[in-house]
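K.L.:
Sharing a structure here in structure tokens format.
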Amino acid sequence: MTPTSQQKRNDILDAALELFAEHGFHNAPMAQLAKRAKVAVGSIYRYFKDKDELIHALHQEVDTALQNALVSEVAPAISPQQHFVHLMINLIHYLQEHPYEFKFLEQYYNSPFGIEIKREKLLMSGPSGRQSAFEQFFSGPAKKSLKPMSAHVLYALAFGPVTFLLRDVSSGLVKLDEPRINELAEGCWNAIKQ
């Protein structure tokens, strides 16, 4: 792909992220997406077979950026608690600083587009063989430090409070400063530790 083609593809993905976050998947027609990306509608189909493929490609881009942010500055030899809290703090910072990505991921994982991926993440049986930072944490040596519960319950206890508060942050109801972020991450750890 030439640099110009790559830039056009990136422009389409950026416009799609904004449009999907603002209006949802079904209320974001391709014509509106093309206008926002400043490309012809036909140009979108040069990069993506259809809207579904565009949505999955966007998920891949957003998830890759999120995974890179999660593992930022993780020290190799730390306790399971320190590791989990560090991952959570990185997660909260990333999603708070990237509200479009947060809204997109919420829609994606709660729609038919992402339900299989969500199931794979919960069951840690993804076909790609690539585990996310949290999948590695939950299935690795730290597993001994966690309550003996199903993955579904552990994920709900770990991520439910974060999702709830980040929705309030994106609505302008709450501001998360560092003490609250640390408190939230520690609270999630306390919910899942043995």
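Order determines the names: the first chain of the structure tokens is A, the second B, and so forth; residues in each chain are numbered 1 upward, and ligands are numbered 1 upward as they are shown.
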Excluding Leu157 of chain A and any residue of its chain fewer than 6 positions from it, enumerate the residues within 9 Å of it, using only C-alpha atoms, and give them as a ChimeraX atom specification.

P.N.:
/A:188-189,191-192

K.L.:
With segment 93-109 of chain A as the partner and 10 Å as the cut-off, tabulate the residues of segment 9-42 of chain A that qualify, each row holding the nearest pair of atoms and their distance in Å to one decimal, using only C-alpha atoms, sorted by chain and rising number, as a tab-separated table.

P.N.:
```
residue	atom	partner	partner_atom	distance
A:Asp14	CA	A:Tyr100	CA	9.8
A:Ala16	CA	A:Phe104	CA	9.6
A:Leu17	CA	A:Tyr100	CA	6.5
A:Glu18	CA	A:Tyr100	CA	6.1
A:Leu19	CA	A:Tyr100	CA	9.0
A:Phe20	CA	A:Phe104	CA	6.5
A:Ala21	CA	A:Phe104	CA	5.2
A:Glu22	CA	A:Tyr100	CA	7.9
A:Gly24	CA	A:Gln107	CA	7.4
A:Phe25	CA	A:Gln107	CA	8.1
```

K.L.:
Write a file of the selected residues as a PDB file, in the first residue's frame, keeping C-alpha atoms.

P.N.:
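File produced: result25.pdb:
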```pdb
ATOM      1  CA  ASP A  14     -10.631   7.772  11.914  1.00  0.00           C
ATOM      2  CA  ALA A  16     -15.602   5.746  11.153  1.00  0.00           C
ATOM      3  CA  LEU A  17     -14.430   5.780  14.776  1.00  0.00           C
ATOM      4  CA  GLU A  18     -15.912   9.223  15.358  1.00  0.00           C
ATOM      5  CA  LEU A  19     -19.129   8.498  13.493  1.00  0.00           C
ATOM      6  CA  PHE A  20     -19.738   5.124  15.170  1.00  0.00           C
ATOM      7  CA  ALA A  21     -18.991   6.586  18.609  1.00  0.00           C
ATOM      8  CA  GLU A  22     -21.367   9.498  18.008  1.00  0.00           C
ATOM      9  CA  GLY A  24     -23.783   3.964  16.510  1.00  0.00           C
ATOM     10  CA  PHE A  25     -23.151   1.420  13.784  1.00  0.00           C
TER      11      PHE A  25
END
```

K.L.:
Near Pro148 of chain A, counting only C-alpha atoms, which residues have an atom at most 12 Å away, once you skip same-chain residues fewer than 2 positions from it, shown as a PyMOL selection string?

P.N.:
chain A and resi 138+142-146+150-154+191-194

K.L.:
Set the distance at 10 Å and use only C-alpha atoms: which residues neighbour Ala75 of chain A once local chain neighbours fewer than 5 positions away are removed? I'd like the list as a PyMOL selection string.

P.N.:
chain A and resi 82-83+86

K.L.:
Got time to write the residues from that selection, N, CA and C atoms, as a short mmCIF file (atom, residue, chain, number, x, y, z; two decimals), in the first residue's frame?

P.N.:
```cif
data_model
loop_
_atom_site.label_atom_id
_atom_site.label_comp_id
_atom_site.auth_asym_id
_atom_site.auth_seq_id
_atom_site.Cartn_x
_atom_site.Cartn_y
_atom_site.Cartn_z
N GLN A 82 0.27 -6.05 42.05
CA GLN A 82 0.89 -4.90 41.38
C GLN A 82 0.68 -4.98 39.87
N HIS A 83 0.79 -6.19 39.31
CA HIS A 83 0.61 -6.37 37.88
C HIS A 83 -0.82 -6.01 37.46
N HIS A 86 -1.52 -2.27 37.86
CA HIS A 86 -0.85 -1.52 36.79
C HIS A 86 -1.63 -1.63 35.47
#
```

K.L.:
Tell me, as an MDAnalysis selection string, which residues lie within 9 Å of Tyr47 of chain A, counting only C-alpha atoms; anything in the same chain fewer than 4 positions away does not count.

P.N.:
chainID A and resid 5 9 43 54

K.L.:
Keeping C-alpha atoms, export the residues of the selection given above as a short mmCIF file (atom, residue, chain, number, x, y, z; two decimals), in the first residue's frame.

P.N.:
```cif
data_model
loop_
_atom_site.label_atom_id
_atom_site.label_comp_id
_atom_site.auth_asym_id
_atom_site.auth_seq_id
_atom_site.Cartn_x
_atom_site.Cartn_y
_atom_site.Cartn_z
CA SER A 5 -3.36 4.85 0.12
CA ARG A 9 -7.41 4.16 4.74
CA SER A 43 -13.13 4.83 -2.21
CA LEU A 54 -14.76 -1.86 8.12
#
```
